[in-house]
There are 2 protein chains.
Amino acid sequence: MRIIETRRAPNPRRVRIFLAEKGIQVPFEEVDLMAGALKTPEFSALNPMQRVPVLILDDGTVISESVAICRYFEELQPQPALFGEGAVGQAMVEMWNRRVELGLFAAVTAAFRHLHPKMSHLEVPQVAAWGEANKAKVVDMLRLLDGELAARPFLAGHHYSIADITALVAVDFLKAARLELPEGVANVARWHAEVSARPSAAA
Amino acid sequence: MRIIETRRAPNPRRVRIFLAEKGIQVPFEEVDLMAGALKTPEFSALNPMQRVPVLILDDGTVISESVAICRYFEELQPQPALFGEGAVGQAMVEMWNRRVELGLFAAVTAAFRHLHPKMSHLEVPQVAAWGEANKAKVVDMLRLLDGELAARPFLAGHHYSIADITALVAVDFLKAARLELPEGVANVARWHAEVSARPSAAA
(Lines give C-alpha, C1' and ligand atoms only; values in the text may rest on other atoms or scores of the structure.)
Protein backbone atom coordinates (compact mmCIF):
# COMPACT_ATOMS: atom_id res chain seq x y z
CA MET A 1 0.00 0.00 0.00
CA ARG A 2 0.98 3.64 -0.33
CA ILE A 3 -0.35 7.10 0.48
CA ILE A 4 -0.30 9.98 -1.99
CA GLU A 5 0.01 13.31 -0.18
CA THR A 6 1.28 16.87 -0.28
CA ARG A 7 3.45 17.13 2.80
CA ARG A 8 2.77 20.74 3.75
CA ALA A 9 -1.04 20.51 3.41
CA PRO A 10 -2.98 20.09 6.65
CA ASN A 11 -5.10 17.02 5.90
CA PRO A 12 -2.20 14.69 5.03
CA ARG A 13 -0.58 15.67 8.34
CA ARG A 14 -3.63 14.36 10.20
CA VAL A 15 -3.00 10.93 8.67
CA ARG A 16 0.76 11.04 9.33
CA ILE A 17 0.22 11.85 13.02
CA PHE A 18 -2.45 9.14 13.31
CA LEU A 19 -0.12 6.52 11.82
CA ALA A 20 2.77 7.64 14.04
CA GLU A 21 0.57 7.23 17.14
CA LYS A 22 -0.32 3.71 15.94
CA GLY A 23 3.29 2.90 15.08
CA ILE A 24 2.28 1.99 11.52
CA GLN A 25 4.65 2.71 8.62
CA VAL A 26 3.26 3.34 5.14
CA PRO A 27 5.27 4.65 2.16
CA PHE A 28 4.33 8.18 1.18
CA GLU A 29 4.42 9.56 -2.35
CA GLU A 30 4.55 13.35 -2.75
CA VAL A 31 2.55 15.31 -5.32
CA ASP A 32 2.59 19.09 -5.66
CA LEU A 33 -0.98 20.27 -5.32
CA MET A 34 0.07 23.89 -5.92
CA ALA A 35 1.35 22.81 -9.35
CA GLY A 36 -2.04 21.38 -10.31
CA ALA A 37 -1.25 17.71 -9.60
CA LEU A 38 -4.75 17.08 -8.20
CA LYS A 39 -6.52 18.35 -11.32
CA THR A 40 -4.98 15.82 -13.73
CA PRO A 41 -7.17 13.07 -15.20
CA GLU A 42 -4.90 10.47 -13.57
CA PHE A 43 -5.38 11.86 -10.08
CA SER A 44 -9.09 12.59 -10.62
CA ALA A 45 -9.55 8.92 -11.49
CA LEU A 46 -8.14 8.07 -8.05
CA ASN A 47 -10.11 10.75 -6.21
CA PRO A 48 -12.82 12.66 -8.06
CA MET A 49 -12.86 15.17 -5.17
CA GLN A 50 -9.29 16.14 -6.22
CA ARG A 51 -7.93 16.19 -2.67
CA VAL A 52 -5.03 14.62 -0.81
CA PRO A 53 -4.33 12.35 1.00
CA VAL A 54 -5.28 9.18 -0.88
CA LEU A 55 -4.52 5.65 0.36
CA ILE A 56 -4.04 2.99 -2.32
CA LEU A 57 -4.24 -0.61 -1.11
CA ASP A 58 -2.30 -3.43 -2.74
CA ASP A 59 -5.44 -4.68 -4.53
CA GLY A 60 -5.97 -1.22 -6.05
CA THR A 61 -8.74 -0.12 -3.68
CA VAL A 62 -8.57 3.65 -3.21
CA ILE A 63 -9.58 5.32 0.07
CA SER A 64 -9.68 9.12 0.29
CA GLU A 65 -10.81 11.46 3.07
CA SER A 66 -8.36 11.68 5.96
CA VAL A 67 -10.75 10.34 8.58
CA ALA A 68 -11.74 7.41 6.35
CA ILE A 69 -8.06 6.50 5.95
CA CYS A 70 -7.58 6.75 9.71
CA ARG A 71 -10.64 4.60 10.34
CA TYR A 72 -9.27 1.91 8.01
CA PHE A 73 -6.12 1.69 10.12
CA GLU A 74 -8.11 1.80 13.39
CA GLU A 75 -9.99 -1.30 12.24
CA LEU A 76 -6.77 -3.04 11.12
CA GLN A 77 -5.00 -2.23 14.39
CA PRO A 78 -7.42 -1.14 17.13
CA GLN A 79 -4.79 -0.22 19.75
CA PRO A 80 -4.09 2.43 20.84
CA ALA A 81 -7.75 3.36 20.29
CA LEU A 82 -7.80 6.79 18.65
CA PHE A 83 -11.54 6.75 17.83
CA GLY A 84 -12.55 5.96 21.43
CA GLU A 85 -13.80 2.75 23.04
CA GLY A 86 -17.31 1.60 23.85
CA ALA A 87 -20.50 3.18 22.53
CA VAL A 88 -20.26 6.36 24.61
CA GLY A 89 -16.48 6.66 24.18
CA GLN A 90 -16.71 6.34 20.40
CA ALA A 91 -19.60 8.82 20.26
CA MET A 92 -17.62 11.33 22.33
CA VAL A 93 -14.60 11.13 20.01
CA GLU A 94 -16.85 11.40 16.95
CA MET A 95 -18.60 14.41 18.50
CA TRP A 96 -15.41 16.24 19.41
CA ASN A 97 -13.65 15.44 16.16
CA ARG A 98 -16.62 16.86 14.28
CA ARG A 99 -16.96 19.91 16.49
CA VAL A 100 -13.26 20.67 15.94
CA GLU A 101 -13.55 20.00 12.19
CA LEU A 102 -16.64 22.16 11.80
CA GLY A 103 -15.77 24.93 14.20
CA LEU A 104 -11.99 25.19 13.92
CA PHE A 105 -10.34 23.19 11.14
CA ALA A 106 -12.89 24.25 8.50
CA ALA A 107 -12.74 27.86 9.67
CA VAL A 108 -8.93 28.06 9.59
CA THR A 109 -8.74 26.45 6.16
CA ALA A 110 -11.55 28.69 4.84
CA ALA A 111 -9.65 31.78 6.04
CA PHE A 112 -6.57 30.44 4.24
CA ARG A 113 -8.23 29.28 1.04
CA HIS A 114 -10.43 32.35 0.54
CA LEU A 115 -7.83 34.99 1.40
CA HIS A 116 -4.43 33.68 0.27
CA PRO A 117 -3.55 34.84 -3.27
CA LYS A 118 -1.79 31.54 -4.01
CA MET A 119 -5.07 29.64 -3.53
CA SER A 120 -6.97 31.49 -6.24
CA HIS A 121 -6.72 28.58 -8.70
CA LEU A 122 -7.77 25.95 -6.14
CA GLU A 123 -10.60 27.80 -4.38
CA VAL A 124 -12.90 29.04 -7.14
CA PRO A 125 -14.36 31.53 -6.55
CA GLN A 126 -12.45 32.97 -3.63
CA VAL A 127 -14.92 34.93 -1.49
CA ALA A 128 -12.86 37.31 0.64
CA ALA A 129 -15.81 38.23 2.88
CA TRP A 130 -16.24 34.54 3.74
CA GLY A 131 -12.55 34.24 4.55
CA GLU A 132 -12.80 37.25 6.84
CA ALA A 133 -15.97 35.92 8.53
CA ASN A 134 -14.10 32.74 9.37
CA LYS A 135 -11.39 34.61 11.27
CA ALA A 136 -13.95 35.50 13.93
CA LYS A 137 -15.25 31.91 13.96
CA VAL A 138 -11.70 30.68 14.66
CA VAL A 139 -11.37 32.95 17.70
CA ASP A 140 -14.83 32.03 19.03
CA MET A 141 -14.07 28.31 18.74
CA LEU A 142 -10.66 28.58 20.38
CA ARG A 143 -12.31 30.33 23.35
CA LEU A 144 -14.96 27.61 23.53
CA LEU A 145 -12.27 24.90 23.44
CA ASP A 146 -10.34 26.75 26.14
CA GLY A 147 -13.27 26.38 28.50
CA GLU A 148 -13.54 22.67 27.70
CA LEU A 149 -9.81 22.05 28.21
CA ALA A 150 -9.98 23.61 31.70
CA ALA A 151 -11.70 20.47 32.89
CA ARG A 152 -9.83 17.63 31.15
CA PRO A 153 -6.48 16.86 29.51
CA PHE A 154 -7.69 16.04 25.99
CA LEU A 155 -10.55 17.21 23.81
CA ALA A 156 -12.66 14.07 24.03
CA GLY A 157 -11.83 13.27 27.66
CA HIS A 158 -8.97 11.52 29.44
CA HIS A 159 -7.43 9.91 26.36
CA TYR A 160 -5.64 11.34 23.34
CA SER A 161 -7.77 10.84 20.22
CA ILE A 162 -8.22 11.79 16.60
CA ALA A 163 -10.01 14.93 17.88
CA ASP A 164 -6.70 16.11 19.33
CA ILE A 165 -4.97 15.39 16.02
CA THR A 166 -7.52 17.44 14.10
CA ALA A 167 -7.23 20.33 16.56
CA LEU A 168 -3.42 20.23 16.62
CA VAL A 169 -3.20 20.40 12.84
CA ALA A 170 -5.75 23.22 12.76
CA VAL A 171 -3.90 25.27 15.40
CA ASP A 172 -0.57 24.77 13.63
CA PHE A 173 -2.22 25.87 10.36
CA LEU A 174 -3.21 29.22 11.89
CA LYS A 175 0.12 30.61 10.70
CA ALA A 176 -0.60 29.78 7.05
CA ALA A 177 -3.92 31.62 7.44
CA ARG A 178 -2.01 34.59 8.93
CA LEU A 179 -3.71 34.09 12.30
CA GLU A 180 -2.43 33.37 15.77
CA LEU A 181 -3.75 32.09 19.09
CA PRO A 182 -5.82 34.86 20.69
CA GLU A 183 -5.12 36.04 24.23
CA GLY A 184 -6.84 34.35 27.12
CA VAL A 185 -6.70 30.74 25.92
CA ALA A 186 -4.20 29.39 28.46
CA ASN A 187 -5.82 25.96 28.53
CA VAL A 188 -5.52 25.63 24.75
CA ALA A 189 -1.87 26.71 25.02
CA ARG A 190 -1.20 24.06 27.75
CA TRP A 191 -2.93 21.36 25.68
CA HIS A 192 -1.10 22.48 22.52
CA ALA A 193 2.29 22.26 24.24
CA GLU A 194 1.49 18.75 25.46
CA VAL A 195 0.25 17.30 22.17
CA SER A 196 3.09 19.04 20.30
CA ALA A 197 5.62 17.31 22.58
CA ARG A 198 4.46 13.84 21.50
CA PRO A 199 6.82 12.32 18.92
CA SER A 200 3.88 11.95 16.50
CA ALA A 201 3.61 15.73 16.11
CA ALA A 202 6.82 15.71 14.08
CA ALA A 203 5.46 13.12 11.63
CA MET B 1 -33.02 8.74 26.90
CA ARG B 2 -34.43 11.44 24.64
CA ILE B 3 -33.46 13.49 21.58
CA ILE B 4 -33.97 17.25 21.36
CA GLU B 5 -34.56 18.32 17.76
CA THR B 6 -36.21 20.76 15.42
CA ARG B 7 -38.25 18.57 13.14
CA ARG B 8 -37.94 20.54 9.91
CA ALA B 9 -34.15 21.05 10.11
CA PRO B 10 -32.03 18.72 8.00
CA ASN B 11 -29.61 17.29 10.60
CA PRO B 12 -32.27 15.91 12.95
CA ARG B 13 -33.83 14.13 9.98
CA ARG B 14 -30.57 12.25 9.43
CA VAL B 15 -30.89 10.80 12.93
CA ARG B 16 -34.60 10.00 12.55
CA ILE B 17 -33.99 8.08 9.32
CA PHE B 18 -31.02 6.25 10.86
CA LEU B 19 -33.09 5.16 13.86
CA ALA B 20 -35.99 4.09 11.63
CA GLU B 21 -33.61 1.90 9.58
CA LYS B 22 -32.39 0.33 12.85
CA GLY B 23 -35.93 -0.07 14.20
CA ILE B 24 -34.99 1.89 17.34
CA GLN B 25 -37.55 4.14 19.04
CA VAL B 26 -36.39 7.17 21.01
CA PRO B 27 -38.69 9.93 22.34
CA PHE B 28 -38.20 13.25 20.56
CA GLU B 29 -38.60 16.67 22.13
CA GLU B 30 -39.19 19.62 19.79
CA VAL B 31 -37.53 23.02 20.18
CA ASP B 32 -38.03 25.94 17.80
CA LEU B 33 -34.58 26.95 16.56
CA MET B 34 -36.06 29.81 14.53
CA ALA B 35 -37.39 31.30 17.79
CA GLY B 36 -33.90 31.31 19.33
CA ALA B 37 -34.24 28.14 21.41
CA LEU B 38 -30.62 27.11 20.68
CA LYS B 39 -29.16 30.40 21.96
CA THR B 40 -30.51 30.07 25.51
CA PRO B 41 -28.09 29.40 28.40
CA GLU B 42 -29.95 26.15 29.14
CA PHE B 43 -29.49 24.77 25.63
CA SER B 44 -25.92 26.08 25.33
CA ALA B 45 -25.08 24.13 28.50
CA LEU B 46 -26.22 20.97 26.68
CA ASN B 47 -24.49 21.82 23.40
CA PRO B 48 -22.10 24.78 23.27
CA MET B 49 -22.21 24.57 19.46
CA GLN B 50 -25.92 25.56 19.71
CA ARG B 51 -27.09 23.00 17.18
CA VAL B 52 -29.71 20.25 17.07
CA PRO B 53 -30.07 17.30 17.38
CA VAL B 54 -28.85 16.46 20.88
CA LEU B 55 -29.15 13.02 22.48
CA ILE B 56 -29.44 12.93 26.27
CA LEU B 57 -28.79 9.57 27.91
CA ASP B 58 -30.48 8.47 31.13
CA ASP B 59 -27.31 9.18 33.14
CA GLY B 60 -27.23 12.75 31.79
CA THR B 61 -24.48 12.19 29.20
CA VAL B 62 -25.06 14.52 26.25
CA ILE B 63 -24.10 13.54 22.69
CA SER B 64 -24.42 16.09 19.89
CA GLU B 65 -23.44 15.97 16.21
CA SER B 66 -25.79 13.83 14.10
CA VAL B 67 -23.12 11.34 13.05
CA ALA B 68 -21.91 10.91 16.64
CA ILE B 69 -25.48 10.13 17.73
CA CYS B 70 -25.82 7.64 14.88
CA ARG B 71 -22.50 6.01 15.78
CA TYR B 72 -23.66 5.57 19.39
CA PHE B 73 -26.67 3.59 18.17
CA GLU B 74 -24.57 1.62 15.64
CA GLU B 75 -22.39 0.43 18.55
CA LEU B 76 -25.43 -0.39 20.70
CA GLN B 77 -27.14 -2.30 17.89
CA PRO B 78 -24.73 -3.15 15.05
CA GLN B 79 -27.32 -4.61 12.65
CA PRO B 80 -28.28 -3.56 10.06
CA ALA B 81 -24.77 -2.10 9.65
CA LEU B 82 -25.19 1.47 8.41
CA PHE B 83 -21.52 2.44 8.86
CA GLY B 84 -20.25 -0.50 6.78
CA GLU B 85 -18.58 -3.77 7.80
CA GLY B 86 -14.91 -4.74 7.87
CA ALA B 87 -11.99 -2.34 7.56
CA VAL B 88 -12.50 -1.54 3.87
CA GLY B 89 -16.29 -1.48 4.15
CA GLN B 90 -16.22 0.95 7.06
CA ALA B 91 -13.63 3.13 5.32
CA MET B 92 -15.78 3.26 2.17
CA VAL B 93 -18.85 4.39 4.11
CA GLU B 94 -16.80 6.97 6.03
CA MET B 95 -15.32 8.22 2.73
CA TRP B 96 -18.65 8.54 0.96
CA ASN B 97 -20.46 10.01 3.92
CA ARG B 98 -17.76 12.67 4.16
CA ARG B 99 -17.68 13.33 0.43
CA VAL B 100 -21.46 13.83 0.47
CA GLU B 101 -21.28 15.99 3.60
CA LEU B 102 -18.46 18.15 2.25
CA GLY B 103 -19.53 18.36 -1.37
CA LEU B 104 -23.33 18.30 -1.19
CA PHE B 105 -24.87 18.63 2.29
CA ALA B 106 -22.58 21.50 3.33
CA ALA B 107 -23.07 23.23 -0.02
CA VAL B 108 -26.88 23.00 0.08
CA THR B 109 -27.04 24.21 3.66
CA ALA B 110 -24.57 27.04 2.92
CA ALA B 111 -26.75 28.19 0.01
CA PHE B 112 -29.74 28.14 2.36
CA ARG B 113 -28.10 29.72 5.41
CA HIS B 114 -26.30 32.51 3.53
CA LEU B 115 -29.14 33.49 1.19
CA HIS B 116 -32.42 32.96 3.07
CA PRO B 117 -33.59 36.16 4.83
CA LYS B 118 -34.98 34.13 7.76
CA MET B 119 -31.49 32.81 8.57
CA SER B 120 -29.94 36.23 9.14
CA HIS B 121 -29.98 35.85 12.96
CA LEU B 122 -28.52 32.32 12.89
CA GLU B 123 -25.82 32.71 10.20
CA VAL B 124 -23.81 35.78 11.23
CA PRO B 125 -22.62 37.30 9.01
CA GLN B 126 -24.55 36.07 6.00
CA VAL B 127 -22.23 36.24 2.98
CA ALA B 128 -24.43 36.22 -0.10
CA ALA B 129 -21.52 35.66 -2.49
CA TRP B 130 -20.62 32.49 -0.57
CA GLY B 131 -24.23 31.30 -0.76
CA GLU B 132 -24.20 31.88 -4.52
CA ALA B 133 -20.84 30.12 -4.95
CA ASN B 134 -22.28 27.05 -3.26
CA LYS B 135 -25.10 26.76 -5.78
CA ALA B 136 -22.54 25.83 -8.43
CA LYS B 137 -20.84 23.40 -6.02
CA VAL B 138 -24.18 21.64 -5.51
CA VAL B 139 -24.63 21.11 -9.25
CA ASP B 140 -21.03 19.92 -9.71
CA MET B 141 -21.37 17.40 -6.89
CA LEU B 142 -24.72 16.06 -8.10
CA ARG B 143 -23.15 15.43 -11.52
CA LEU B 144 -20.20 13.67 -9.88
CA LEU B 145 -22.57 11.50 -7.82
CA ASP B 146 -24.57 10.74 -10.95
CA GLY B 147 -21.51 9.15 -12.50
CA GLU B 148 -20.86 7.10 -9.39
CA LEU B 149 -24.47 5.89 -9.15
CA ALA B 150 -24.33 4.60 -12.72
CA ALA B 151 -22.20 1.71 -11.47
CA ARG B 152 -23.82 0.71 -8.16
CA PRO B 153 -27.15 0.92 -6.32
CA PHE B 154 -26.00 2.92 -3.28
CA LEU B 155 -23.39 5.60 -2.66
CA ALA B 156 -20.92 3.44 -0.73
CA GLY B 157 -21.50 0.25 -2.73
CA HIS B 158 -24.07 -2.53 -2.67
CA HIS B 159 -25.55 -1.72 0.73
CA TYR B 160 -27.63 1.19 1.99
CA SER B 161 -25.60 3.24 4.48
CA ILE B 162 -25.43 6.50 6.39
CA ALA B 163 -23.94 8.04 3.23
CA ASP B 164 -27.30 7.49 1.49
CA ILE B 165 -29.10 9.07 4.45
CA THR B 166 -26.88 12.17 4.29
CA ALA B 167 -27.38 12.47 0.54
CA LEU B 168 -31.15 11.92 0.73
CA VAL B 169 -31.56 14.65 3.34
CA ALA B 170 -29.34 16.99 1.32
CA VAL B 171 -31.30 16.40 -1.91
CA ASP B 172 -34.63 16.91 -0.15
CA PHE B 173 -33.26 20.15 1.36
CA LEU B 174 -32.58 21.59 -2.12
CA LYS B 175 -36.11 23.02 -2.08
CA ALA B 176 -35.46 25.04 1.10
CA ALA B 177 -32.37 26.45 -0.62
CA ARG B 178 -34.52 27.31 -3.67
CA LEU B 179 -32.61 24.81 -5.82
CA GLU B 180 -33.64 21.73 -7.74
CA LEU B 181 -32.03 18.66 -9.30
CA PRO B 182 -30.21 19.75 -12.47
CA GLU B 183 -30.89 18.07 -15.79
CA GLY B 184 -28.86 15.05 -16.78
CA VAL B 185 -28.65 13.29 -13.41
CA ALA B 186 -30.88 10.30 -14.17
CA ASN B 187 -28.88 7.99 -11.90
CA VAL B 188 -29.30 10.35 -8.96
CA ALA B 189 -33.02 10.52 -9.72
CA ARG B 190 -33.26 6.69 -9.81
CA TRP B 191 -31.36 6.38 -6.53
CA HIS B 192 -33.44 9.17 -4.95
CA ALA B 193 -36.70 7.46 -5.88
CA GLU B 194 -35.45 4.19 -4.35
CA VAL B 195 -34.20 5.58 -1.05
CA SER B 196 -37.31 7.80 -0.77
CA ALA B 197 -39.53 4.70 -1.10
CA ARG B 198 -38.02 3.12 2.02
CA PRO B 199 -40.32 3.57 5.05
CA SER B 200 -37.46 5.31 6.92
CA ALA B 201 -37.63 8.30 4.55
CA ALA B 202 -40.92 9.34 6.17
CA ALA B 203 -39.40 9.34 9.67
# chains A, B, ... in the order shown; residues from 1 in each chain; ligands from 1
call {"tool": "closest_atom_pairs", "arguments": {"of": "chain B", "to": "chain A", "cutoff": "10 Å", "atoms": "only C-alpha atoms", "output": "CSV"}}
result
residue,atom,partner,partner_atom,distance
B:Pro48,CA,A:Leu144,CA,7.7
B:Met49,CA,A:Arg99,CA,7.6
B:Leu57,CA,A:Val88,CA,9.7
B:Thr61,CA,A:Val88,CA,8.5
B:Val62,CA,A:Met92,CA,9.0
B:Ile63,CA,A:Met92,CA,6.9
B:Ser64,CA,A:Met95,CA,6.2
B:Glu65,CA,A:Met95,CA,5.6
B:Ser66,CA,A:Met95,CA,8.4
B:Val67,CA,A:Glu94,CA,7.4
B:Ala68,CA,A:Ala91,CA,4.8
B:Ile69,CA,A:Ala91,CA,6.5
B:Cys70,CA,A:Ala91,CA,8.3
B:Arg71,CA,A:Ala91,CA,6.0
B:Tyr72,CA,A:Ala87,CA,5.1
B:Phe73,CA,A:Ala87,CA,7.6
B:Glu74,CA,A:Ala87,CA,8.2
B:Glu75,CA,A:Ala87,CA,5.2
B:Leu76,CA,A:Ala87,CA,6.4
B:Gln77,CA,A:Ala87,CA,9.8
B:Glu85,CA,A:Glu75,CA,10.0
B:Gly86,CA,A:Glu75,CA,7.4
B:Ala87,CA,A:Tyr72,CA,5.1
B:Val88,CA,A:Tyr72,CA,6.3
B:Gly89,CA,A:Tyr72,CA,8.7
B:Gln90,CA,A:Tyr72,CA,7.1
B:Ala91,CA,A:Ala68,CA,4.8
B:Met92,CA,A:Ile63,CA,6.9
B:Val93,CA,A:Ala68,CA,8.0
B:Glu94,CA,A:Ala68,CA,5.1
B:Met95,CA,A:Ala68,CA,5.2
B:Trp96,CA,A:Glu65,CA,8.6
B:Asn97,CA,A:Ala68,CA,9.4
B:Arg98,CA,A:Glu65,CA,7.1
B:Arg99,CA,A:Glu65,CA,7.6
B:Leu102,CA,A:Met49,CA,9.8
B:Gly103,CA,A:Met49,CA,8.3
B:Val124,CA,A:Ala133,CA,8.3
B:Pro125,CA,A:Ala133,CA,6.8
B:Gln126,CA,A:Trp130,CA,8.7
B:Val127,CA,A:Trp130,CA,6.3
B:Ala128,CA,A:Trp130,CA,9.2
B:Ala129,CA,A:Val127,CA,6.7
B:Trp130,CA,A:Val127,CA,6.3
B:Gly131,CA,A:Trp130,CA,9.7
B:Ala133,CA,A:Pro125,CA,6.8
B:Asn134,CA,A:Pro125,CA,9.7
B:Lys137,CA,A:Val124,CA,9.8
B:Met141,CA,A:Met49,CA,9.0
B:Leu144,CA,A:Pro48,CA,7.7
B:Leu145,CA,A:Pro48,CA,9.8
B:Glu148,CA,A:Pro48,CA,9.9
call {"tool": "write_last_selection", "arguments": {"atoms": "N, CA and C atoms", "output": "short mmCIF file (atom, residue, chain, number, x, y, z; two decimals), in the first residue's frame"}}
result
data_model
loop_
_atom_site.label_atom_id
_atom_site.label_comp_id
_atom_site.auth_asym_id
_atom_site.auth_seq_id
_atom_site.Cartn_x
_atom_site.Cartn_y
_atom_site.Cartn_z
N PRO B 48 -22.67 23.44 23.47
CA PRO B 48 -22.10 24.78 23.27
C PRO B 48 -22.05 25.18 21.80
N MET B 49 -22.18 24.22 20.88
CA MET B 49 -22.21 24.57 19.46
C MET B 49 -23.58 25.10 19.04
N LEU B 57 -28.65 10.91 27.35
CA LEU B 57 -28.79 9.57 27.91
C LEU B 57 -29.37 9.64 29.32
N THR B 61 -25.48 11.99 30.25
CA THR B 61 -24.48 12.19 29.20
C THR B 61 -25.15 12.81 27.97
N VAL B 62 -24.52 13.83 27.42
CA VAL B 62 -25.06 14.52 26.25
C VAL B 62 -24.19 14.23 25.04
N ILE B 63 -24.81 13.79 23.94
CA ILE B 63 -24.10 13.54 22.69
C ILE B 63 -24.73 14.41 21.62
N SER B 64 -23.94 15.30 21.02
CA SER B 64 -24.42 16.09 19.89
C SER B 64 -23.64 15.69 18.66
N GLU B 65 -23.94 16.32 17.53
CA GLU B 65 -23.44 15.97 16.21
C GLU B 65 -24.18 14.72 15.70
N SER B 66 -24.92 14.90 14.63
CA SER B 66 -25.79 13.83 14.10
C SER B 66 -25.03 12.52 13.92
N VAL B 67 -23.83 12.58 13.35
CA VAL B 67 -23.12 11.34 13.05
C VAL B 67 -22.63 10.68 14.34
N ALA B 68 -22.31 11.47 15.35
CA ALA B 68 -21.91 10.91 16.64
C ALA B 68 -23.09 10.19 17.30
N ILE B 69 -24.28 10.78 17.19
CA ILE B 69 -25.48 10.13 17.73
C ILE B 69 -25.74 8.82 16.99
N CYS B 70 -25.62 8.86 15.67
CA CYS B 70 -25.82 7.64 14.88
C CYS B 70 -24.79 6.57 15.27
N ARG B 71 -23.55 6.99 15.44
CA ARG B 71 -22.50 6.01 15.78
C ARG B 71 -22.78 5.36 17.13
N TYR B 72 -23.29 6.13 18.08
CA TYR B 72 -23.66 5.57 19.39
C TYR B 72 -24.65 4.40 19.19
N PHE B 73 -25.66 4.64 18.37
CA PHE B 73 -26.67 3.59 18.17
C PHE B 73 -26.12 2.43 17.32
N GLU B 74 -25.20 2.71 16.41
CA GLU B 74 -24.57 1.62 15.64
C GLU B 74 -23.81 0.68 16.58
N GLU B 75 -23.14 1.26 17.59
CA GLU B 75 -22.39 0.43 18.55
C GLU B 75 -23.35 -0.35 19.45
N LEU B 76 -24.45 0.30 19.85
CA LEU B 76 -25.43 -0.39 20.70
C LEU B 76 -26.10 -1.53 19.95
N GLN B 77 -26.41 -1.30 18.70
CA GLN B 77 -27.14 -2.30 17.89
C GLN B 77 -26.52 -2.34 16.50
N GLU B 85 -19.13 -2.64 7.06
CA GLU B 85 -18.58 -3.77 7.80
C GLU B 85 -17.18 -4.08 7.30
N GLY B 86 -16.30 -4.46 8.24
CA GLY B 86 -14.91 -4.74 7.87
C GLY B 86 -14.15 -3.44 7.69
N ALA B 87 -12.82 -3.55 7.64
CA ALA B 87 -11.99 -2.34 7.56
C ALA B 87 -12.25 -1.56 6.27
N VAL B 88 -12.26 -2.25 5.14
CA VAL B 88 -12.50 -1.54 3.87
C VAL B 88 -13.94 -1.05 3.79
N GLY B 89 -14.88 -1.87 4.21
CA GLY B 89 -16.29 -1.48 4.15
C GLY B 89 -16.57 -0.25 5.00
N GLN B 90 -16.01 -0.22 6.20
CA GLN B 90 -16.22 0.95 7.06
C GLN B 90 -15.52 2.19 6.50
N ALA B 91 -14.35 1.99 5.91
CA ALA B 91 -13.63 3.13 5.32
C ALA B 91 -14.41 3.69 4.13
N MET B 92 -15.01 2.80 3.34
CA MET B 92 -15.78 3.26 2.17
C MET B 92 -17.00 4.08 2.59
N VAL B 93 -17.69 3.63 3.64
CA VAL B 93 -18.85 4.39 4.11
C VAL B 93 -18.39 5.74 4.68
N GLU B 94 -17.32 5.71 5.47
CA GLU B 94 -16.80 6.97 6.03
C GLU B 94 -16.41 7.92 4.89
N MET B 95 -15.75 7.39 3.86
CA MET B 95 -15.32 8.22 2.73
C MET B 95 -16.53 8.82 2.02
N TRP B 96 -17.51 8.01 1.71
CA TRP B 96 -18.65 8.54 0.96
C TRP B 96 -19.53 9.44 1.79
N ASN B 97 -19.68 9.11 3.07
CA ASN B 97 -20.46 10.01 3.92
C ASN B 97 -19.80 11.38 3.98
N ARG B 98 -18.47 11.39 4.09
CA ARG B 98 -17.76 12.67 4.16
C ARG B 98 -17.76 13.39 2.81
N ARG B 99 -17.60 12.66 1.73
CA ARG B 99 -17.68 13.33 0.43
C ARG B 99 -19.04 13.99 0.24
N LEU B 102 -19.30 17.03 2.68
CA LEU B 102 -18.46 18.15 2.25
C LEU B 102 -18.94 18.74 0.94
N GLY B 103 -19.26 17.88 -0.02
CA GLY B 103 -19.53 18.36 -1.37
C GLY B 103 -20.98 18.71 -1.63
N VAL B 124 -24.33 34.41 11.06
CA VAL B 124 -23.81 35.78 11.23
C VAL B 124 -22.31 35.79 10.98
N PRO B 125 -21.82 36.55 9.97
CA PRO B 125 -22.62 37.30 9.01
C PRO B 125 -23.05 36.40 7.84
N GLN B 126 -24.20 36.71 7.27
CA GLN B 126 -24.55 36.07 6.00
C GLN B 126 -23.65 36.65 4.91
N VAL B 127 -23.09 35.78 4.08
CA VAL B 127 -22.23 36.24 2.98
C VAL B 127 -22.88 35.74 1.69
N ALA B 128 -23.63 36.63 1.05
CA ALA B 128 -24.43 36.22 -0.10
C ALA B 128 -23.58 35.62 -1.21
N ALA B 129 -22.38 36.17 -1.42
CA ALA B 129 -21.52 35.66 -2.49
C ALA B 129 -21.10 34.21 -2.22
N TRP B 130 -20.96 33.87 -0.93
CA TRP B 130 -20.62 32.49 -0.57
C TRP B 130 -21.83 31.58 -0.79
N GLY B 131 -23.02 32.06 -0.47
CA GLY B 131 -24.23 31.30 -0.76
C GLY B 131 -24.35 31.02 -2.26
N ALA B 133 -21.92 31.01 -4.51
CA ALA B 133 -20.84 30.12 -4.95
C ALA B 133 -21.20 28.66 -4.68
N ASN B 134 -21.92 28.43 -3.61
CA ASN B 134 -22.28 27.05 -3.26
C ASN B 134 -23.34 26.45 -4.17
N LYS B 137 -21.44 24.60 -6.62
CA LYS B 137 -20.84 23.40 -6.02
C LYS B 137 -21.87 22.28 -5.92
N MET B 141 -21.41 18.63 -7.69
CA MET B 141 -21.37 17.40 -6.89
C MET B 141 -22.46 16.44 -7.31
N LEU B 144 -21.20 14.66 -10.26
CA LEU B 144 -20.20 13.67 -9.88
C LEU B 144 -20.89 12.42 -9.31
N LEU B 145 -21.86 12.64 -8.42
CA LEU B 145 -22.57 11.50 -7.82
C LEU B 145 -23.34 10.72 -8.88
N GLU B 148 -21.11 8.19 -10.33
CA GLU B 148 -20.86 7.10 -9.39
C GLU B 148 -22.04 6.14 -9.33
#
call {"tool": "closest_residue", "arguments": {"among": "B:Ala193, B:Ala177, B:Ala20, B:Leu155", "to": "Pro117 (chain B)", "atoms": "only C-alpha atoms"}}
result
B:Ala177
call {"tool": "atom_distance", "arguments": {"atom1": "CA of Pro53 (chain A)", "atom2": "CA of Pro153 (chain A)"}}
result
28.9 Å
call {"tool": "atom_distance", "arguments": {"atom1": "CA of Thr166 (chain A)", "atom2": "CA of Val52 (chain A)"}}
result
15.4 Å
call {"tool": "residues_around", "arguments": {"residues": "Glu30 (chain A)", "least_positions_apart": "4", "cutoff": "9 Å", "atoms": "only C-alpha atoms", "output": "list in words"}}
result
Ile3, Ile4, Glu5, Thr6 and Arg7 of chain A
call {"tool": "atom_distance", "arguments": {"atom1": "CA of Val31 (chain B)", "atom2": "CA of Arg8 (chain B)"}}
result
10.6 Å
